[in-house]
>>> print(open('start01.txt').read())   # compact mmCIF, C-alpha atoms
# COMPACT_ATOMS: atom_id res chain seq x y z
CA MET A 98 -5.10 28.67 7.66
CA LYS A 99 -6.97 29.91 4.60
CA ASN A 100 -5.13 27.32 2.47
CA ILE A 101 -6.32 24.40 4.63
CA ASN A 102 -9.24 22.39 3.31
CA LEU A 103 -11.04 21.73 6.62
CA PRO A 104 -13.16 18.71 5.53
CA HIS A 105 -10.11 16.98 4.03
CA TRP A 106 -8.04 17.83 7.10
CA LEU A 107 -10.65 16.34 9.44
CA HIS A 108 -10.93 13.32 7.16
CA ASP A 109 -7.17 12.77 7.42
CA ILE A 110 -7.20 13.16 11.20
CA ILE A 111 -9.91 10.51 11.54
CA TYR A 112 -7.93 8.11 9.35
CA ILE A 113 -4.77 8.69 11.39
CA VAL A 114 -6.43 8.34 14.81
CA VAL A 115 -8.23 5.12 13.86
CA GLY A 116 -5.00 3.83 12.31
CA ILE A 117 -3.10 4.51 15.54
CA LEU A 118 -5.72 2.68 17.61
CA PHE A 119 -5.57 -0.37 15.32
CA SER A 120 -1.76 -0.41 15.37
CA ALA A 121 -1.62 -0.15 19.15
CA PHE A 122 -4.20 -2.95 19.39
CA ALA A 123 -2.10 -5.18 17.12
CA LEU A 124 1.04 -4.52 19.13
CA LYS A 125 -0.31 -4.83 22.67
CA SER A 126 -2.94 -7.53 22.14
CA PHE A 127 -1.05 -9.77 19.72
CA LEU A 128 2.61 -9.11 18.95
CA ILE A 129 4.24 -7.86 22.16
CA PRO A 130 2.79 -10.44 24.62
CA ASN A 131 3.81 -13.28 22.28
CA LYS A 132 7.25 -11.86 21.37
CA PHE A 133 6.41 -11.62 17.67
CA PHE A 134 7.82 -9.09 15.25
CA ASP A 135 6.93 -7.14 12.16
CA GLY A 136 9.13 -5.69 9.45
CA GLY A 137 10.45 -2.16 9.12
CA VAL A 138 11.06 0.28 11.95
CA THR A 139 8.29 -1.35 13.99
CA GLY A 140 10.12 -4.68 13.74
CA ILE A 141 13.42 -3.06 14.73
CA SER A 142 11.71 -1.42 17.72
CA LEU A 143 10.10 -4.68 18.83
CA LEU A 144 13.42 -6.49 18.52
CA ILE A 145 15.34 -3.87 20.50
CA SER A 146 12.61 -3.77 23.14
CA GLU A 147 12.69 -7.55 23.55
CA LEU A 148 16.48 -7.95 23.56
CA TYR A 149 17.22 -5.08 25.95
CA ASP A 150 14.02 -5.10 28.02
CA LEU A 151 13.05 -1.54 27.11
CA LYS A 152 9.56 -0.08 26.93
CA ILE A 153 8.33 -0.38 23.35
CA ALA A 154 6.51 2.98 23.56
CA TYR A 155 9.79 4.86 23.99
CA VAL A 156 11.75 2.75 21.53
CA ILE A 157 9.24 3.08 18.72
CA VAL A 158 9.20 6.90 19.01
CA ILE A 159 12.98 7.25 19.20
CA ALA A 160 13.57 4.76 16.38
CA ASN A 161 11.27 6.68 14.03
CA ILE A 162 12.75 10.14 14.65
CA PRO A 163 15.67 9.86 12.15
CA PHE A 164 13.31 8.66 9.44
CA ILE A 165 10.82 11.44 10.18
CA ILE A 166 13.63 13.99 9.74
CA MET A 167 14.45 12.35 6.41
CA GLY A 168 10.75 12.55 5.53
CA ALA A 169 10.78 16.32 6.02
CA PHE A 170 13.33 16.57 3.19
CA GLN A 171 12.28 13.62 1.02
CA VAL A 172 8.50 14.23 1.15
CA ASN A 173 7.50 17.50 2.83
CA ARG A 174 7.21 19.13 6.23
CA ALA A 175 3.48 18.52 6.54
CA PHE A 176 4.12 14.79 6.16
CA ALA A 177 6.86 14.92 8.80
CA PHE A 178 4.68 16.88 11.22
CA LYS A 179 1.77 14.46 10.85
CA THR A 180 4.10 11.49 11.23
CA ILE A 181 5.85 12.67 14.40
CA ALA A 182 2.49 13.53 15.96
CA ALA A 183 1.07 10.12 15.00
CA VAL A 184 4.10 8.20 16.32
CA ILE A 185 4.00 10.09 19.64
CA VAL A 186 0.28 9.37 20.02
CA LEU A 187 0.98 5.71 19.21
CA GLY A 188 3.59 5.66 21.97
CA LEU A 189 1.08 7.18 24.42
CA CYS A 190 -1.50 4.54 23.46
CA LEU A 191 1.05 1.80 24.11
CA LEU A 192 1.81 3.31 27.51
CA PHE A 193 -1.65 4.07 28.82
CA LEU A 194 -4.41 2.20 26.94
CA PRO A 195 -5.24 -1.15 28.61
CA TYR A 196 -5.43 -3.42 25.57
CA PRO A 197 -6.02 -7.05 26.62
CA GLN A 198 -4.05 -9.99 25.29
CA ILE A 199 -6.38 -11.74 22.84
CA THR A 200 -4.70 -15.10 22.25
CA SER A 201 -1.47 -17.06 22.59
CA ASP A 202 -2.09 -19.25 19.55
CA LYS A 203 0.94 -18.55 17.34
CA LEU A 204 -0.88 -18.90 14.04
CA LEU A 205 -3.72 -16.60 15.12
CA VAL A 206 -1.22 -14.09 16.49
CA SER A 207 0.83 -14.03 13.29
CA ILE A 208 -2.21 -13.68 11.02
CA PHE A 209 -4.48 -11.35 12.96
CA GLY A 210 -1.63 -9.37 14.48
CA GLY A 211 -0.53 -8.70 10.89
CA VAL A 212 -4.06 -7.90 9.74
CA PHE A 213 -4.70 -5.32 12.47
CA MET A 214 -1.21 -3.87 12.06
CA GLY A 215 -1.79 -3.59 8.31
CA ILE A 216 -5.14 -1.88 8.84
CA GLY A 217 -3.55 0.62 11.20
CA VAL A 218 -0.57 1.46 9.01
CA GLY A 219 -2.75 1.57 5.88
CA LEU A 220 -5.24 3.97 7.43
CA ALA A 221 -2.41 6.21 8.61
CA ILE A 222 -0.99 6.30 5.08
CA ARG A 223 -4.43 7.25 3.76
CA GLY A 224 -4.37 10.06 6.30
CA GLY A 225 -1.11 11.37 4.86
CA CYS A 226 1.51 10.10 7.32
CA ALA A 227 3.52 6.96 8.13
CA LEU A 228 3.59 4.95 11.35
CA ASP A 229 6.71 3.19 10.06
CA GLY A 230 9.58 5.18 8.56
CA ILE A 231 11.23 2.35 6.63
CA GLU A 232 9.89 3.51 3.25
CA VAL A 233 11.33 6.99 3.85
CA LEU A 234 14.73 5.38 4.45
CA ALA A 235 14.34 3.32 1.28
CA LEU A 236 13.38 6.44 -0.69
CA TYR A 237 16.43 8.28 0.69
CA THR A 238 18.82 5.38 0.07
CA GLY A 239 17.38 4.53 -3.35
CA LYS A 240 18.57 7.88 -4.71
CA ARG A 241 22.15 7.04 -3.77
CA ILE A 242 22.51 3.38 -4.72
CA SER A 243 21.31 1.27 -7.62
CA PHE A 244 18.78 -0.83 -5.67
CA THR A 245 15.04 -0.23 -5.92
CA ILE A 246 12.97 0.83 -2.92
CA SER A 247 11.40 -2.64 -2.71
CA GLU A 248 14.83 -4.30 -2.73
CA ILE A 249 16.08 -2.01 0.04
CA ILE A 250 13.03 -2.70 2.23
CA LEU A 251 13.38 -6.44 1.58
CA GLY A 252 17.07 -6.35 2.53
CA ILE A 253 16.40 -4.49 5.79
CA ASN A 254 13.62 -6.91 6.72
CA ILE A 255 15.80 -9.92 5.96
CA ILE A 256 18.36 -8.58 8.45
CA ILE A 257 15.63 -8.06 11.07
CA PHE A 258 14.31 -11.60 10.72
CA LEU A 259 17.81 -13.13 10.66
CA VAL A 260 18.65 -11.41 13.95
CA ALA A 261 15.31 -12.58 15.38
CA ALA A 262 16.07 -16.14 14.27
CA VAL A 263 19.50 -16.11 15.93
CA LYS A 264 18.45 -14.40 19.16
CA LEU A 265 14.92 -15.74 19.67
CA GLY A 266 14.70 -18.91 17.62
CA LEU A 267 13.77 -19.86 14.08
CA PRO A 268 10.05 -20.58 14.79
CA THR A 269 9.55 -17.05 16.14
CA ALA A 270 11.27 -15.57 13.09
CA LEU A 271 9.16 -17.66 10.70
CA TYR A 272 5.90 -16.69 12.40
CA SER A 273 7.06 -13.05 12.33
CA ILE A 274 7.67 -13.29 8.57
CA LEU A 275 4.05 -14.46 8.24
CA THR A 276 2.98 -11.48 10.33
CA TYR A 277 4.91 -9.11 8.07
CA TYR A 278 3.49 -10.67 4.91
CA THR A 279 -0.08 -10.46 6.25
CA ALA A 280 0.45 -6.85 7.31
CA SER A 281 1.91 -5.81 3.94
CA ARG A 282 -0.95 -7.39 1.99
CA THR A 283 -3.49 -5.74 4.30
CA ILE A 284 -1.80 -2.36 3.85
CA ASN A 285 -2.14 -2.69 0.08
CA PHE A 286 -5.81 -3.59 0.41
CA VAL A 287 -6.56 -0.70 2.80
CA ILE A 288 -4.80 1.83 0.56
CA GLU A 289 -6.17 0.58 -2.76
CA GLY A 290 -9.39 -1.04 -1.52
CA LEU A 291 -11.90 -2.72 -3.80
CA GLU A 292 -11.62 0.28 -6.09
CA GLU A 293 -8.08 -0.55 -7.22
CA TYR A 294 -7.92 0.58 -10.81
CA THR A 295 -6.96 -1.45 -13.87
CA GLY A 296 -5.78 0.09 -17.12
CA VAL A 297 -7.17 -1.68 -20.19
CA THR A 298 -5.83 -1.41 -23.74
CA ILE A 299 -7.98 -2.76 -26.58
CA ILE A 300 -6.97 -3.28 -30.22
CA SER A 301 -9.79 -4.42 -32.46
CA GLY A 302 -11.18 -4.04 -35.95
CA GLU A 303 -14.55 -3.31 -34.30
CA SER A 304 -13.22 -0.36 -32.33
CA GLU A 305 -16.18 1.91 -33.10
CA LEU A 306 -18.68 -0.48 -31.50
CA ILE A 307 -16.37 -1.13 -28.57
CA LYS A 308 -15.90 2.59 -27.94
CA GLN A 309 -19.65 3.11 -27.96
CA GLN A 310 -20.29 0.26 -25.51
CA LEU A 311 -17.52 1.34 -23.11
CA VAL A 312 -18.92 4.87 -22.92
CA MET A 313 -22.67 4.26 -23.17
CA THR A 314 -22.98 0.92 -21.33
CA LEU A 315 -20.14 0.97 -18.79
CA GLY A 316 -20.05 4.76 -18.44
CA ARG A 317 -16.25 4.84 -18.68
CA GLY A 318 -14.11 7.56 -20.19
CA ILE A 319 -11.85 6.45 -23.03
CA THR A 320 -8.72 7.67 -24.78
CA VAL A 321 -8.06 6.72 -28.41
CA TYR A 322 -4.61 6.38 -29.94
CA LYS A 323 -4.15 6.18 -33.68
CA GLY A 324 -2.12 3.14 -34.68
CA GLU A 325 -1.61 0.45 -37.28
CA ARG A 326 -2.33 -3.27 -37.09
CA GLY A 327 -1.10 -6.14 -39.22
CA PHE A 328 2.63 -6.72 -39.72
CA LEU A 329 2.26 -10.50 -39.74
CA LYS A 330 5.16 -12.80 -40.60
CA ASP A 331 3.70 -13.82 -43.94
CA SER A 332 2.48 -10.31 -44.84
CA PHE A 333 4.74 -7.89 -43.04
CA ASP A 334 4.22 -5.09 -45.58
CA ILE A 335 0.44 -5.17 -45.18
CA SER A 336 -1.15 -3.09 -42.41
CA GLN A 337 -4.21 -0.98 -41.82
CA PRO A 338 -5.02 1.93 -39.50
CA VAL A 339 -6.70 1.10 -36.20
CA ASP A 340 -7.98 2.95 -33.14
CA ILE A 341 -6.18 1.77 -29.99
CA ILE A 342 -8.58 2.23 -27.08
CA PHE A 343 -7.40 2.86 -23.54
CA THR A 344 -9.70 3.04 -20.52
CA VAL A 345 -9.54 2.66 -16.76
CA VAL A 346 -11.94 0.45 -14.79
CA THR A 347 -12.12 -0.94 -11.28
CA ARG A 348 -11.13 -4.56 -10.85
CA LEU A 349 -14.77 -5.39 -10.14
CA GLU A 350 -15.64 -4.25 -13.67
CA VAL A 351 -12.89 -6.11 -15.54
CA ARG A 352 -14.89 -9.31 -16.10
CA ARG A 353 -17.97 -7.46 -17.32
CA MET A 354 -15.84 -5.38 -19.69
CA ARG A 355 -14.09 -8.47 -21.09
CA ASN A 356 -17.44 -10.14 -21.76
CA LEU A 357 -18.72 -7.00 -23.47
CA ILE A 358 -15.65 -6.83 -25.76
CA HIS A 359 -15.81 -10.57 -26.52
CA ASP A 360 -19.45 -10.28 -27.59
CA ILE A 361 -18.46 -7.61 -30.12
CA ASP A 362 -15.13 -9.06 -31.30
CA PRO A 363 -13.92 -12.43 -29.96
CA LYS A 364 -10.54 -11.83 -31.66
CA ALA A 365 -9.92 -8.45 -30.03
CA PHE A 366 -6.48 -8.07 -28.43
CA VAL A 367 -6.97 -6.93 -24.82
CA PHE A 368 -4.37 -6.48 -22.13
CA THR A 369 -4.55 -5.00 -18.64
CA SER A 370 -2.16 -3.36 -16.18
CA ILE A 371 -2.47 -2.44 -12.52
CA ILE A 372 -2.79 1.28 -11.81
CA LYS A 373 -1.68 2.20 -8.29
CA GLU A 374 -3.34 5.60 -8.25
CA ALA A 375 -5.71 7.45 -10.56
CA ALA A 376 -7.62 10.69 -10.24
CA GLY A 377 -9.45 13.16 -12.45
CA GLY A 378 -11.51 12.56 -15.56
CA VAL A 379 -14.58 10.51 -14.77
CA LEU A 380 -12.92 8.87 -11.74
CA LYS A 381 -14.62 9.85 -8.51
CA ARG A 382 -11.67 9.66 -6.21
CA ARG A 383 -10.14 12.39 -4.09
CA VAL A 384 -6.55 13.31 -4.82
CA ARG A 385 -4.33 12.73 -1.78
CA HIS A 386 -2.56 15.72 -0.33
CA SER A 387 -0.10 15.13 2.47
>>> encode(input="start01.txt", output="structure tokens")
Amino acid sequence: MKNINLPHWLHDIIYIVVGILFSAFALKSFLIPNKFFDGGVTGISLLISELYDLKIAYVIVIANIPFIIMGAFQVNRAFAFKTIAAVIVLGLCLLFLPYPQITSDKLLVSIFGGVFMGIGVGLAIRGGCALDGIEVLALYTGKRISFTISEIILGINIIIFLVAAVKLGLPTALYSILTYYTASRTINFVIEGLEEYTGVTIISGESELIKQQLVMTLGRGITVYKGERGFLKDSFDISQPVDIIFTVVTRLEVRRMRNLIHDIDPKAFVFTSIIKEAAGGVLKRRVRHS
């Protein structure tokens, strides 16, 4: 117990509980009454429940158990414990909480069912667990075959939607694909949020001024690499030393930073890259511990 950070633990529990409530709301108020599906283990559970007339609460718990066991070995036991507890609570919510059906409009169901499902799954991930074990399967399988995790997940979801198209009709499968896409984009937004980080590399002859402005005006930390610039086609043997500046900003700051660099050196070479997770330095973001 002395190794547990109580504020972080409570923070995680709140994320997980709210995530479960959102996921149950998406399932009972949107997807289940309208026979729509999602991707991953949730989609498999919904499909099995619909085809064999089984209670989704039981199916979704049983379907996740093998992936939770994999998670204990592929991630860690704390992750597996949180996940099994979260999935069981989700099953109880599906059994006992009286969520009303919100709408029968197929477009609204596919979009907002996906949005609420994405919010729920994303919040659970931020809490250190998974309400859908498909990524654990992909992580496990990816170590044994040459496909990437994304390719494995895509392949599994294609099979789910093909079965749905054959058994329940193409329109249902197409709307379910829209639900899955909406949910996946929402998950990314919930996990990364508006503070998604962007790595910026700057090569300029005015590097000293740019370094000063990045630190003093934007308040960003910088790293400087020593490099050479030049090597043009007509003068390949001519080069000069240059400071290559690297910094990390939020996506809300990218435009301001570009304008600042352009004012100093319109010819500066600037390129950006998405950073999925960053912590430490001057970044005020808590490191995730599952």
>>> closest_residue(input="start01.txt", among="A:Val297, A:Asn131, A:Ser336, A:Tyr322", to="A:Arg352", atoms="all atoms listed in the file")
A:Val297
>>> atom_distance(input="start01.txt", atom1="atom CA of A:Ser273", atom2="atom CA of A:Pro197")
20.3 Å
>>> atom_distance(input="start01.txt", atom1="atom CA of A:Met354", atom2="atom CA of A:Gln310")
9.2 Å
>>> residues_around(input="start01.txt", residues="A:Ile157", least_positions_apart="6", cutoff="8 Å", atoms="only C-alpha atoms", output="PDB file with C-alpha atoms, in the frame of the given file")
ATOM      1  CA  VAL A 138      11.060   0.280  11.950  1.00  0.00           C
ATOM      2  CA  THR A 139       8.290  -1.350  13.990  1.00  0.00           C
ATOM      3  CA  SER A 142      11.710  -1.420  17.720  1.00  0.00           C
ATOM      4  CA  LEU A 143      10.100  -4.680  18.830  1.00  0.00           C
ATOM      5  CA  VAL A 184       4.100   8.200  16.320  1.00  0.00           C
ATOM      6  CA  GLY A 188       3.590   5.660  21.970  1.00  0.00           C
TER       7      GLY A 188
END
>>> residues_around(input="start01.txt", residues="A:Val172", least_positions_apart="4", cutoff="9 Å", atoms="only C-alpha atoms", output="list in words")
Met167, Gly168, Phe176, Ala177, Val233 and Ser387 of chain A
>>> closest_residue(input="start01.txt", among="A:Asp135, A:Glu289, A:Asp340, A:Asp109", to="A:Ile253", atoms="only C-alpha atoms")
A:Asp135
>>> closest_residue(input="start01.txt", among="A:Tyr294, A:Phe178, A:Phe328, A:Phe133", to="A:Phe258", atoms="all atoms listed in the file")
A:Phe133
>>> residues_around(input="start01.txt", residues="A:Glu147", least_positions_apart="6", cutoff="12 Å", atoms="all atoms listed in the file", output="ChimeraX atom specification")
/A:128-134,140-141,153,156,260-261,264-265
>>> write_last_selection(input="start01.txt", atoms="C-alpha atoms", output="PDB file, in the frame of the given file")
ATOM      1  CA  LEU A 128       2.610  -9.110  18.950  1.00  0.00           C
ATOM      2  CA  ILE A 129       4.240  -7.860  22.160  1.00  0.00           C
ATOM      3  CA  PRO A 130       2.790 -10.440  24.620  1.00  0.00           C
ATOM      4  CA  ASN A 131       3.810 -13.280  22.280  1.00  0.00           C
ATOM      5  CA  LYS A 132       7.250 -11.860  21.370  1.00  0.00           C
ATOM      6  CA  PHE A 133       6.410 -11.620  17.670  1.00  0.00           C
ATOM      7  CA  PHE A 134       7.820  -9.090  15.250  1.00  0.00           C
ATOM      8  CA  GLY A 140      10.120  -4.680  13.740  1.00  0.00           C
ATOM      9  CA  ILE A 141      13.420  -3.060  14.730  1.00  0.00           C
ATOM     10  CA  ILE A 153       8.330  -0.380  23.350  1.00  0.00           C
ATOM     11  CA  VAL A 156      11.750   2.750  21.530  1.00  0.00           C
ATOM     12  CA  VAL A 260      18.650 -11.410  13.950  1.00  0.00           C
ATOM     13  CA  ALA A 261      15.310 -12.580  15.380  1.00  0.00           C
ATOM     14  CA  LYS A 264      18.450 -14.400  19.160  1.00  0.00           C
ATOM     15  CA  LEU A 265      14.920 -15.740  19.670  1.00  0.00           C
TER      16      LEU A 265
END
>>> atom_distance(input="start01.txt", atom1="atom CA of A:Tyr112", atom2="atom CA of A:Ala280")
17.3 Å
>>> closest_residue(input="start01.txt", among="A:Gly116, A:Gly137, A:Pro163, A:Gly210", to="A:Cys190", atoms="only C-alpha atoms")
A:Gly116
>>> closest_residue(input="start01.txt", among="A:Ile257, A:Leu144, A:Ala175, A:Ile284", to="A:Gly211", atoms="all atoms listed in the file")
A:Ile284
>>> residues_around(input="start01.txt", residues="A:Leu187", least_positions_apart="3", cutoff="12 Å", atoms="all atoms listed in the file", output="PyMOL selection string")
chain A and resi 113-125+139+153-158+161+180-184+190-194+217-218+221+227-229
>>> closest_residue(input="start01.txt", among="A:Tyr278, A:Phe343, A:Tyr196, A:Phe286", to="A:Phe127", atoms="only C-alpha atoms")
A:Tyr196
>>> axis_aligned_box(input="start01.txt", around="stretch 296-310 of chain A", padding_each_side="6 Å", output="AutoDock Vina command-line options")
--center_x -13.0 --center_y -0.7 --center_z -26.5 --size_x 26.5 --size_y 19.5 --size_z 30.8
>>> residues_near_point(input="start01.txt", point="(-8.9, -8.5, -26.3)", cutoff="10 Å", atoms="all atoms listed in the file", output="ChimeraX atom specification")
/A:297-301,355-356,358-359,362-369
>>> decode(input="start01.txt", residues="stretch 138-228 of chain A", atoms="C-alpha atoms", output="compact mmCIF listing (two decimals), in the first residue's frame")
# COMPACT_ATOMS: atom_id res chain seq x y z
CA VAL A 138 -14.29 -7.28 -28.78
CA THR A 139 -17.33 -5.06 -28.19
CA GLY A 140 -18.36 -5.58 -31.81
CA ILE A 141 -17.85 -9.35 -31.53
CA SER A 142 -19.95 -9.38 -28.34
CA LEU A 143 -22.75 -7.36 -29.93
CA LEU A 144 -22.74 -9.65 -32.97
CA ILE A 145 -22.85 -12.84 -30.89
CA SER A 146 -25.57 -11.38 -28.67
CA GLU A 147 -27.71 -10.47 -31.67
CA LEU A 148 -27.22 -13.70 -33.62
CA TYR A 149 -27.77 -16.07 -30.70
CA ASP A 150 -30.15 -13.96 -28.58
CA LEU A 151 -27.84 -13.85 -25.56
CA LYS A 152 -27.62 -11.13 -22.93
CA ILE A 153 -24.91 -8.69 -23.96
CA ALA A 154 -23.82 -8.16 -20.33
CA TYR A 155 -22.70 -11.79 -20.03
CA VAL A 156 -21.23 -12.02 -23.51
CA ILE A 157 -19.11 -8.90 -23.20
CA VAL A 158 -17.54 -10.12 -19.92
CA ILE A 159 -16.86 -13.64 -21.18
CA ALA A 160 -15.51 -12.41 -24.53
CA ASN A 161 -12.99 -10.13 -22.82
CA ILE A 162 -11.61 -12.69 -20.36
CA PRO A 163 -9.06 -14.32 -22.76
CA PHE A 164 -7.73 -10.90 -23.74
CA ILE A 165 -7.50 -9.80 -20.11
CA ILE A 166 -5.39 -12.90 -19.36
CA MET A 167 -3.15 -11.95 -22.29
CA GLY A 168 -2.98 -8.43 -20.87
CA ALA A 169 -1.59 -9.76 -17.59
CA PHE A 170 1.42 -11.10 -19.51
CA GLN A 171 1.69 -8.51 -22.29
CA VAL A 172 1.18 -5.39 -20.13
CA ASN A 173 1.12 -6.09 -16.38
CA ARG A 174 -1.08 -7.53 -13.67
CA ALA A 175 -2.32 -4.14 -12.46
CA PHE A 176 -3.65 -3.45 -15.95
CA ALA A 177 -5.37 -6.85 -16.05
CA PHE A 178 -6.91 -6.36 -12.61
CA LYS A 179 -8.27 -2.93 -13.50
CA THR A 180 -9.59 -4.23 -16.81
CA ILE A 181 -11.43 -7.26 -15.41
CA ALA A 182 -12.98 -5.10 -12.70
CA ALA A 183 -14.04 -2.47 -15.26
CA VAL A 184 -15.54 -5.04 -17.65
CA ILE A 185 -17.51 -6.70 -14.83
CA VAL A 186 -18.86 -3.32 -13.69
CA LEU A 187 -19.78 -2.55 -17.31
CA GLY A 188 -21.70 -5.83 -17.45
CA LEU A 189 -23.54 -4.93 -14.23
CA CYS A 190 -24.44 -1.51 -15.66
CA LEU A 191 -25.84 -3.17 -18.78
CA LEU A 192 -27.91 -5.50 -16.60
CA PHE A 193 -29.30 -3.12 -14.01
CA LEU A 194 -29.08 0.54 -15.07
CA PRO A 195 -32.26 1.70 -16.87
CA TYR A 196 -30.76 3.62 -19.78
CA PRO A 197 -33.51 4.87 -22.13
CA GLN A 198 -33.41 4.48 -25.90
CA ILE A 199 -32.55 7.94 -27.24
CA THR A 200 -33.34 7.67 -30.95
CA SER A 201 -33.99 5.29 -33.83
CA ASP A 202 -32.52 7.56 -36.49
CA LYS A 203 -29.74 5.46 -38.02
CA LEU A 204 -27.40 8.34 -38.74
CA LEU A 205 -27.74 9.77 -35.24
CA VAL A 206 -27.27 6.32 -33.72
CA SER A 207 -24.12 5.62 -35.73
CA ILE A 208 -22.55 9.01 -34.98
CA PHE A 209 -23.53 9.63 -31.36
CA GLY A 210 -23.36 5.97 -30.39
CA GLY A 211 -19.76 6.07 -31.63
CA VAL A 212 -19.03 9.36 -29.88
CA PHE A 213 -20.27 8.18 -26.47
CA MET A 214 -18.59 4.80 -26.92
CA GLY A 215 -15.34 6.56 -27.81
CA ILE A 216 -15.58 8.82 -24.78
CA GLY A 217 -16.13 5.83 -22.52
CA VAL A 218 -13.31 3.71 -23.91
CA GLY A 219 -10.96 6.71 -24.04
CA LEU A 220 -11.60 7.65 -20.42
CA ALA A 221 -11.03 4.04 -19.34
CA ILE A 222 -7.70 4.01 -21.18
CA ARG A 223 -6.73 7.24 -19.41
CA GLY A 224 -7.57 5.44 -16.18
CA GLY A 225 -5.11 2.67 -17.02
CA CYS A 226 -7.36 -0.14 -18.28
CA ALA A 227 -9.19 -1.26 -21.44
CA LEU A 228 -12.91 -1.85 -21.95
